[in-house]
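Here is the structure we will look at, set down as structure tokens.
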Amino acid sequence: MTHSSADLPHDPDLDLAPGDAYQARLARVRDAVALRTPDRVPVFGPYQKYVYTYGGLTMRQAMEDYPAARAACHAFQERFRPDLDFGPILAYPSAPMETLGYRAFRWPGNGLPDDAIYQYVEAEYMSADEYDDFVFDPSDFMLRTWAPRQFDGMAGFALPAPWRRFMWSGWMGLNAFASPEMRRTMQVMLTAGEQMEAWWDSQAQYWDETRAKGYPVGFASFDWAPFDIIGDTLRGTTNVLADMRRRPSKLHDALEVATRIFIEYGSAAAGAELPLCWIWIHKATREFMSDAQFREFYWPYLRRGLLALVERGVIPVVYWEADFESRLEVIGDVPPGTMIYHLSATDPVKAHDVLKGTVCLMGSVPNIQLLAGTPDDVRATCRRLIDSIGRDGGYIMDTSVMLDEAREENLAAMIEFTKAYGRYG
Amino acid sequence: MDAAEALVTAIADMEEDEAIRLAGEMLDAGADPRRVLDACRTALAVVGERYESQQYFLPELIIAGDVMKAIGALVKPRLAGVDPGPSRGAVVLGTVAGDIHDIGKDIVAFMLDVNGFEVVDLGVDVPAETFVEQVRRVRPAVVGLSGFLTLAFDQMRVTVEALRAAGLRDEVKVMIGGAIMDDDVAAYVGADAYGRDAQAAVRLATGWTAGDGVA
């Protein structure tokens, strides 16, 4: 932390009372999404591990010490002043994950070094012959089969009869709750529940604090594409990709169910002041599937889900992480001015050629530049982005992927340059 | 079409069960296990061409890999004493420290293997010292560093630096791969090249070992 905010170029938002600055920042983002021209290009503060590095914490500390994580986010926000704030939501809580015995995750202090970002451990948590069980009753499958595989502490959930049989005499099966395994599970759930409550309280405290300072929270829900719901945590990447050839009709049946789960997840954003729902695209890239497979298995379900979210007043932020040049025509088939497409490796100018007038674009500042480049490099990139894809509005400045490593002066260059150069006449 | 040709077609066309059945039949009928393996190699070359021409993508490579595993299990017991054929050289491969992603690395390992390289796969979360030890032991022509996360930028750099400090850097070519890697990252970490996909990794390794006389 070598700079103080006094070093920053003048930011007109700071002349406003916090409540007015809050509204100005909201309007800026809403204008960009609606493809109107805002007062300037909005800029997102890429929040992942770097926020804590800047605040002097390891990732492990951020996941264990909630007040310290909040303090780091405040320090980051006051130094860089991005238009949108993520807060400490991505510092997942270690305590309940330990209590639950979360097998499918590794995090600093639990299989990873103290300053690594947490990572998911893929496996076949749903076997090929369990597709029918999932489709028949996804909640039962998740509770009694999937949860005991993911979480040590949920072994007891495998014991009771399916809840769908609880009508009339189903309560007579409650003796399962007297078993030592279920008693342990109930105890684990109580403890983890209390630990989660502490974490959510910390999140809510931060949201109130940041709002009082005049900054909107940049998310209202998170979601995963229907194909990724099946692929990430149920079948695993290699299995779900092979299933497109081995058992396409089972996969289609499961994708129907996953589409409803997708809509349910994302709808949590409905009614928020800034109802952004971030959707992380994992398995849609050209490295993973052909254009034909994308058009058959990925896009129709995702598109249907996106449209349902838009109908409910949600603004999807689709995080197209990888190179999607070959799919631009296909993914351009959405209602204009309703969503944000975040770009990482897709050529931004080619994306803009196809998608301008349809979606608000976001991202494209290479993360390697924030780590290994100079402030001049970063400013040159931002200038190029603003002059090309940002020239008529419909663009939000951000890095290519969430930010773990950076040099302070490079991130400052991205945000300050955008505020100064990105003004619309 | 003889049995070997039918096997080639079945593998190349992704008919898994048929391919495994045909291989079993050939072996049961007393075919030389090397004929079965030759058919597999021919079929994988077709799969590789279709991957290169973007008819096939990762799903097809995964299925081809599974078929190879299944046929390999049938062939192995009958292969004692059979010459495995010449190697195009060794490649030491791994996902760098702190990163536990393996899908890209595994597919690169598979494609290098079927293209005649001896692959020493060090797995995931591989510390720089382990790369150094293994390069010293195996003396490969090529080292492949994989990473999915941005933390790999610095870890790859540390790994290349460790090879340099151990005096091994000039003996190997270093290639990197991963979703967020590119030529700028390759320059930052001190690698010789970035490969976008498994086929690119094969091209790089082939280019570096051709004419080397490596056996």
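Chain labels run A, B, ... following the order of the structure tokens; each chain numbers its residues from 1, and ligands are numbered from 1 in the order shown.
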
Taking only C-alpha atoms into account, report as an MDAnalysis selection string which residues of chain A lie within 6 Å of chain B. chainID A and resid 241:242 288:290

So that I can see what lies close to Ala128 in chain B, please list as a list of chain:residue names the residues with an atom at most 10 Å from it, counting only C-alpha atoms and leaving out residues fewer than 5 positions away in the same chain. B:Val96, B:Ala97, B:Glu133, B:Gln155, B:Met156, B:Arg157, B:Val158, B:Thr159, B:Val160, B:Glu161, B:Ala162, B:Leu163

Contacts of Leu204 in chain B within 12 Å, only C-alpha atoms, excl. fewer than 4 positions in-chain, as a VMD selection string: chain B and resid 91 108 112 141 to 144 173 to 177 192 to 200 208 to 210

Would you list the contacts of Ala4 in chain B as a ChimeraX atom specification, taking every protein, DNA or RNA residue within 7 Å and counting only C-alpha atoms, but skipping same-chain residues closer than 4 positions in sequence? /B:8,36,39

Written file, previous selection with N, CA and C atoms, as a PDB file, in the first residue's frame:
ATOM      1  N   VAL B   8      -9.463 -50.635 -36.744  1.00  0.00           N
ATOM      2  CA  VAL B   8      -9.086 -49.236 -37.005  1.00  0.00           C
ATOM      3  C   VAL B   8     -10.347 -48.385 -37.185  1.00  0.00           C
ATOM      4  N   VAL B  36      -2.467 -55.873 -33.120  1.00  0.00           N
ATOM      5  CA  VAL B  36      -3.554 -55.125 -32.459  1.00  0.00           C
ATOM      6  C   VAL B  36      -3.061 -53.725 -32.120  1.00  0.00           C
ATOM      7  N   ALA B  39      -2.804 -51.542 -35.150  1.00  0.00           N
ATOM      8  CA  ALA B  39      -4.129 -51.054 -35.564  1.00  0.00           C
ATOM      9  C   ALA B  39      -4.549 -49.881 -34.681  1.00  0.00           C
TER      10      ALA B  39
END

Could you check how far CA of Leu16 in chain A sits from CA of Pro38 in chain A, in Å to one decimal?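 For CA of Leu16 in chain A relative to CA of Pro38 in chain A, the distance reads 17.0 Å.
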
A:Ala412, A:Arg423, A:Arg183, A:His342 ranked by distance to Ser400 in chain A, top pick (using only C-alpha atoms):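 The shortest atom-to-atom distance to Ser400 in chain A comes from A:His342.
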
May I have all residues of range 184-333 of chain A that DSSP, computed from the backbone, assigns to alpha helix (DSSP H), given as an MDAnalysis selection string? chainID A and resid 184:213 226:230 237:246 248:266 291:293 299:311 328:331

Store the residues picked out above in a file with C-alpha atoms, as a PDB file, in the first residue's frame.
ATOM      1  CA  ARG A 184     -23.320 -37.217  14.043  1.00  0.00           C
ATOM      2  CA  THR A 185     -24.648 -35.713  10.809  1.00  0.00           C
ATOM      3  CA  MET A 186     -27.242 -33.653  12.699  1.00  0.00           C
ATOM      4  CA  GLN A 187     -24.559 -32.360  15.045  1.00  0.00           C
ATOM      5  CA  VAL A 188     -22.299 -31.483  12.111  1.00  0.00           C
ATOM      6  CA  MET A 189     -25.149 -29.638  10.412  1.00  0.00           C
ATOM      7  CA  LEU A 190     -25.914 -27.610  13.547  1.00  0.00           C
ATOM      8  CA  THR A 191     -22.299 -26.591  13.977  1.00  0.00           C
ATOM      9  CA  ALA A 192     -21.770 -25.827  10.281  1.00  0.00           C
ATOM     10  CA  GLY A 193     -25.047 -23.897  10.220  1.00  0.00           C
ATOM     11  CA  GLU A 194     -23.894 -21.654  13.053  1.00  0.00           C
ATOM     12  CA  GLN A 195     -20.541 -21.171  11.346  1.00  0.00           C
ATOM     13  CA  MET A 196     -22.249 -20.243   8.073  1.00  0.00           C
ATOM     14  CA  GLU A 197     -24.435 -17.772   9.940  1.00  0.00           C
ATOM     15  CA  ALA A 198     -21.314 -15.989  11.227  1.00  0.00           C
ATOM     16  CA  TRP A 199     -19.949 -15.748   7.681  1.00  0.00           C
ATOM     17  CA  TRP A 200     -23.194 -14.447   6.197  1.00  0.00           C
ATOM     18  CA  ASP A 201     -23.476 -11.917   9.029  1.00  0.00           C
ATOM     19  CA  SER A 202     -20.037 -10.683   8.021  1.00  0.00           C
ATOM     20  CA  GLN A 203     -21.095 -10.434   4.370  1.00  0.00           C
ATOM     21  CA  ALA A 204     -24.265  -8.516   5.272  1.00  0.00           C
ATOM     22  CA  GLN A 205     -22.293  -6.168   7.498  1.00  0.00           C
ATOM     23  CA  TYR A 206     -19.944  -5.422   4.603  1.00  0.00           C
ATOM     24  CA  TRP A 207     -22.842  -4.796   2.187  1.00  0.00           C
ATOM     25  CA  ASP A 208     -24.332  -2.259   4.595  1.00  0.00           C
ATOM     26  CA  GLU A 209     -20.962  -0.582   5.096  1.00  0.00           C
ATOM     27  CA  THR A 210     -20.147  -0.355   1.413  1.00  0.00           C
ATOM     28  CA  ARG A 211     -23.600   0.975   0.581  1.00  0.00           C
ATOM     29  CA  ALA A 212     -23.157   3.666   3.225  1.00  0.00           C
ATOM     30  CA  LYS A 213     -19.917   4.633   1.461  1.00  0.00           C
ATOM     31  CA  PRO A 226     -27.199 -26.226 -16.989  1.00  0.00           C
ATOM     32  CA  PHE A 227     -24.470 -28.244 -18.722  1.00  0.00           C
ATOM     33  CA  ASP A 228     -21.970 -27.231 -16.031  1.00  0.00           C
ATOM     34  CA  ILE A 229     -24.410 -28.139 -13.248  1.00  0.00           C
ATOM     35  CA  ILE A 230     -24.266 -31.697 -14.584  1.00  0.00           C
ATOM     36  CA  THR A 237     -15.662 -32.875 -16.975  1.00  0.00           C
ATOM     37  CA  THR A 238     -14.330 -35.877 -18.853  1.00  0.00           C
ATOM     38  CA  ASN A 239     -17.417 -37.962 -18.106  1.00  0.00           C
ATOM     39  CA  VAL A 240     -19.936 -35.332 -19.114  1.00  0.00           C
ATOM     40  CA  LEU A 241     -18.038 -34.635 -22.335  1.00  0.00           C
ATOM     41  CA  ALA A 242     -17.981 -38.331 -23.218  1.00  0.00           C
ATOM     42  CA  ASP A 243     -21.673 -38.602 -22.262  1.00  0.00           C
ATOM     43  CA  MET A 244     -22.504 -36.339 -25.229  1.00  0.00           C
ATOM     44  CA  ARG A 245     -21.536 -39.356 -27.359  1.00  0.00           C
ATOM     45  CA  ARG A 246     -22.214 -42.246 -25.017  1.00  0.00           C
ATOM     46  CA  PRO A 248     -26.951 -38.251 -25.245  1.00  0.00           C
ATOM     47  CA  SER A 249     -30.611 -38.805 -24.401  1.00  0.00           C
ATOM     48  CA  LYS A 250     -29.903 -39.301 -20.687  1.00  0.00           C
ATOM     49  CA  LEU A 251     -27.822 -36.145 -20.752  1.00  0.00           C
ATOM     50  CA  HIS A 252     -30.626 -34.209 -22.445  1.00  0.00           C
ATOM     51  CA  ASP A 253     -33.088 -35.409 -19.773  1.00  0.00           C
ATOM     52  CA  ALA A 254     -30.723 -34.258 -17.029  1.00  0.00           C
ATOM     53  CA  LEU A 255     -30.172 -30.909 -18.769  1.00  0.00           C
ATOM     54  CA  GLU A 256     -33.935 -30.273 -18.665  1.00  0.00           C
ATOM     55  CA  VAL A 257     -33.825 -30.699 -14.888  1.00  0.00           C
ATOM     56  CA  ALA A 258     -30.632 -28.650 -14.603  1.00  0.00           C
ATOM     57  CA  THR A 259     -32.242 -25.787 -16.548  1.00  0.00           C
ATOM     58  CA  ARG A 260     -34.917 -25.518 -13.867  1.00  0.00           C
ATOM     59  CA  ILE A 261     -32.237 -25.555 -11.175  1.00  0.00           C
ATOM     60  CA  PHE A 262     -30.368 -22.843 -13.105  1.00  0.00           C
ATOM     61  CA  ILE A 263     -33.457 -20.617 -13.174  1.00  0.00           C
ATOM     62  CA  GLU A 264     -34.108 -21.226  -9.489  1.00  0.00           C
ATOM     63  CA  TYR A 265     -30.500 -20.350  -8.557  1.00  0.00           C
ATOM     64  CA  GLY A 266     -30.314 -17.182 -10.635  1.00  0.00           C
ATOM     65  CA  ASP A 291     -19.672 -25.982 -32.302  1.00  0.00           C
ATOM     66  CA  ALA A 292     -22.271 -28.636 -33.133  1.00  0.00           C
ATOM     67  CA  GLN A 293     -22.074 -30.098 -29.624  1.00  0.00           C
ATOM     68  CA  TRP A 299     -26.540 -23.255 -25.620  1.00  0.00           C
ATOM     69  CA  PRO A 300     -30.254 -24.149 -25.928  1.00  0.00           C
ATOM     70  CA  TYR A 301     -30.558 -24.873 -22.206  1.00  0.00           C
ATOM     71  CA  LEU A 302     -28.445 -21.916 -21.148  1.00  0.00           C
ATOM     72  CA  ARG A 303     -30.333 -19.588 -23.478  1.00  0.00           C
ATOM     73  CA  ARG A 304     -33.708 -20.745 -22.189  1.00  0.00           C
ATOM     74  CA  GLY A 305     -32.482 -20.202 -18.628  1.00  0.00           C
ATOM     75  CA  LEU A 306     -31.083 -16.749 -19.421  1.00  0.00           C
ATOM     76  CA  LEU A 307     -34.353 -15.649 -21.001  1.00  0.00           C
ATOM     77  CA  ALA A 308     -36.279 -16.869 -17.955  1.00  0.00           C
ATOM     78  CA  LEU A 309     -33.966 -14.843 -15.699  1.00  0.00           C
ATOM     79  CA  VAL A 310     -34.388 -11.733 -17.852  1.00  0.00           C
ATOM     80  CA  GLU A 311     -38.157 -12.179 -17.650  1.00  0.00           C
ATOM     81  CA  LEU A 328     -20.354 -15.480 -31.369  1.00  0.00           C
ATOM     82  CA  GLU A 329     -23.188 -15.701 -33.904  1.00  0.00           C
ATOM     83  CA  VAL A 330     -24.892 -18.387 -31.851  1.00  0.00           C
ATOM     84  CA  ILE A 331     -24.614 -16.646 -28.464  1.00  0.00           C
TER      85      ILE A 331
END

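CA of Gly147 in chain B is found 20.5 Å from CA of Tyr47 in chain A.
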
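Between CA of Thr206 in chain B and CA of Ser53 in chain B the separation is 18.4 Å.
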
Just want the 12 Å neighbourhood of Pro42 in chain A, counted on only C-alpha atoms, with same-chain residues fewer than 2 positions away dropped. Output as number ranges by chain. A: 13, 24-33, 37-40, 44-45, 81-85, 218, 360-363, 386, 390, 393-398, 414-424

If you keep C-alpha atoms, can you produce a file of those selected residues as a tab-separated table (two decimals), in the first residue's frame?
chain	number	residue	atom	x	y	z
A	13	ASP	CA	-18.13	10.81	-7.88
A	24	ALA	CA	-24.65	7.55	-10.03
A	25	ARG	CA	-22.71	4.30	-9.99
A	26	LEU	CA	-25.89	2.23	-10.30
A	27	ALA	CA	-27.08	4.35	-13.23
A	28	ARG	CA	-23.71	4.05	-14.95
A	29	VAL	CA	-23.86	0.25	-14.89
A	30	ARG	CA	-27.55	0.08	-15.78
A	31	ASP	CA	-26.98	2.42	-18.75
A	32	ALA	CA	-24.14	0.24	-20.00
A	33	VAL	CA	-26.29	-2.89	-19.73
A	37	THR	CA	-24.31	5.80	-23.24
A	38	PRO	CA	-23.42	6.37	-19.57
A	39	ASP	CA	-21.42	9.36	-18.27
A	40	ARG	CA	-18.32	7.19	-18.56
A	44	PHE	CA	-15.24	-3.21	-12.07
A	45	GLY	CA	-12.77	-3.93	-9.27
A	81	ARG	CA	-12.49	3.07	-6.00
A	82	PRO	CA	-14.02	0.80	-8.65
A	83	ASP	CA	-17.68	1.38	-9.50
A	84	LEU	CA	-18.79	-2.05	-8.33
A	85	ASP	CA	-17.79	-3.92	-5.23
A	218	GLY	CA	-21.71	-5.99	-7.94
A	360	CYS	CA	-22.97	-5.11	-22.97
A	361	LEU	CA	-19.39	-6.39	-23.11
A	362	MET	CA	-17.07	-6.55	-20.10
A	363	GLY	CA	-13.46	-7.54	-19.38
A	386	ILE	CA	-12.37	2.14	-24.87
A	390	GLY	CA	-16.30	0.99	-25.62
A	393	GLY	CA	-21.27	2.68	-24.46
A	394	GLY	CA	-22.15	-0.93	-23.78
A	395	TYR	CA	-18.80	-1.76	-22.21
A	396	ILE	CA	-17.57	-2.29	-18.63
A	397	MET	CA	-13.82	-2.27	-17.97
A	398	ASP	CA	-12.49	-5.35	-16.19
A	414	MET	CA	-6.55	0.35	-15.25
A	415	ILE	CA	-9.11	1.99	-12.99
A	416	GLU	CA	-7.80	5.56	-12.99
A	417	PHE	CA	-7.21	5.67	-16.73
A	418	THR	CA	-10.72	4.37	-17.40
A	419	LYS	CA	-12.21	7.04	-15.15
A	420	ALA	CA	-10.27	9.80	-16.85
A	421	TYR	CA	-10.21	8.65	-20.49
A	422	GLY	CA	-13.49	6.75	-20.52
A	423	ARG	CA	-15.75	9.81	-20.24
A	424	TYR	CA	-18.37	10.15	-22.94

For Leu411 in chain A, work out the shell of residues within 10 Å, counting only C-alpha atoms and skipping chain neighbours fewer than 2 positions away, then give it as an mmCIF file with N, CA and C atoms, in the first residue's frame.
data_model
loop_
_atom_site.group_PDB
_atom_site.id
_atom_site.type_symbol
_atom_site.label_atom_id
_atom_site.label_comp_id
_atom_site.auth_asym_id
_atom_site.auth_seq_id
_atom_site.Cartn_x
_atom_site.Cartn_y
_atom_site.Cartn_z
ATOM 1 N N GLY A 45 -13.978 -3.619 -10.039
ATOM 2 C CA GLY A 45 -12.767 -3.926 -9.269
ATOM 3 C C GLY A 45 -12.639 -5.422 -9.175
ATOM 4 N N PRO A 46 -11.767 -6.023 -9.965
ATOM 5 C CA PRO A 46 -11.726 -7.482 -9.988
ATOM 6 C C PRO A 46 -11.351 -8.064 -8.629
ATOM 7 N N PHE A 80 -8.644 1.892 -4.678
ATOM 8 C CA PHE A 80 -8.856 1.811 -6.132
ATOM 9 C C PHE A 80 -10.191 2.423 -6.592
ATOM 10 N N ASN A 367 -4.854 -10.607 -17.658
ATOM 11 C CA ASN A 367 -4.341 -10.680 -16.290
ATOM 12 C C ASN A 367 -2.817 -10.681 -16.249
ATOM 13 N N GLN A 369 -0.900 -8.997 -17.944
ATOM 14 C CA GLN A 369 -0.416 -7.619 -18.033
ATOM 15 C C GLN A 369 -0.444 -6.932 -16.659
ATOM 16 N N LEU A 370 -1.461 -7.257 -15.853
ATOM 17 C CA LEU A 370 -1.522 -6.647 -14.523
ATOM 18 C C LEU A 370 -0.405 -7.170 -13.627
ATOM 19 N N LEU A 371 0.075 -8.377 -13.913
ATOM 20 C CA LEU A 371 1.168 -8.943 -13.118
ATOM 21 C C LEU A 371 2.532 -8.558 -13.690
ATOM 22 N N THR A 374 3.563 -3.033 -17.398
ATOM 23 C CA THR A 374 3.788 -1.753 -16.726
ATOM 24 C C THR A 374 2.487 -0.955 -16.774
ATOM 25 N N PRO A 375 2.382 0.101 -15.961
ATOM 26 C CA PRO A 375 1.173 0.940 -16.043
ATOM 27 C C PRO A 375 0.940 1.467 -17.462
ATOM 28 N N VAL A 378 -0.768 -1.184 -19.458
ATOM 29 C CA VAL A 378 -2.174 -1.328 -19.055
ATOM 30 C C VAL A 378 -2.996 -0.180 -19.631
ATOM 31 N N ARG A 379 -2.457 1.034 -19.537
ATOM 32 C CA ARG A 379 -3.183 2.194 -20.079
ATOM 33 C C ARG A 379 -3.386 2.038 -21.581
ATOM 34 N N ASP A 398 -12.833 -4.335 -17.186
ATOM 35 C CA ASP A 398 -12.491 -5.354 -16.185
ATOM 36 C C ASP A 398 -11.359 -6.212 -16.740
ATOM 37 N N THR A 399 -10.744 -6.979 -15.841
ATOM 38 C CA THR A 399 -9.713 -7.926 -16.267
ATOM 39 C C THR A 399 -10.347 -9.097 -17.012
ATOM 40 N N LEU A 403 -9.166 -11.524 -10.390
ATOM 41 C CA LEU A 403 -7.774 -11.132 -10.169
ATOM 42 C C LEU A 403 -7.165 -11.766 -8.921
ATOM 43 N N ALA A 406 -1.364 -9.310 -9.106
ATOM 44 C CA ALA A 406 -1.237 -8.039 -9.814
ATOM 45 C C ALA A 406 -0.199 -7.187 -9.121
ATOM 46 N N ARG A 407 0.233 -6.144 -9.822
ATOM 47 C CA ARG A 407 0.995 -5.078 -9.175
ATOM 48 C C ARG A 407 0.023 -3.935 -8.945
ATOM 49 N N GLU A 408 0.159 -3.344 -7.782
ATOM 50 C CA GLU A 408 -0.770 -2.288 -7.380
ATOM 51 C C GLU A 408 -0.850 -1.186 -8.436
ATOM 52 N N GLU A 409 0.315 -0.769 -8.934
ATOM 53 C CA GLU A 409 0.309 0.374 -9.855
ATOM 54 C C GLU A 409 -0.379 0.017 -11.174
ATOM 55 N N ALA A 413 -3.645 1.830 -12.564
ATOM 56 C CA ALA A 413 -3.632 2.412 -13.916
ATOM 57 C C ALA A 413 -4.905 2.042 -14.666
ATOM 58 N N MET A 414 -5.332 0.787 -14.547
ATOM 59 C CA MET A 414 -6.551 0.354 -15.250
ATOM 60 C C MET A 414 -7.763 1.178 -14.800
ATOM 61 N N ILE A 415 -7.900 1.338 -13.512
ATOM 62 C CA ILE A 415 -9.108 1.986 -12.987
ATOM 63 C C ILE A 415 -9.041 3.499 -13.190
ATOM 64 N N GLU A 416 -7.901 4.093 -12.879
ATOM 65 C CA GLU A 416 -7.797 5.557 -12.986
ATOM 66 C C GLU A 416 -7.851 6.008 -14.443
ATOM 67 N N PHE A 417 -7.182 5.282 -15.321
ATOM 68 C CA PHE A 417 -7.208 5.665 -16.728
ATOM 69 C C PHE A 417 -8.626 5.584 -17.277
#

I'd like the contact shell of Ile117 in chain A - 10 Å cut-off, only C-alpha atoms, skipping same-chain residues fewer than 4 positions apart - returned as a PyMOL selection string. (chain A and resi 48-49+58-60+90-91+106-108+112-113+404) or (chain B and resi 98-99+149-151)

When DSSP is applied to the backbone of this structure, which of range 5-215 of chain B are assigned strand (DSSP E or B)? Write them out as a PyMOL selection string. chain B and resi 90-96+118-121+126+142-146+173-177+193-194
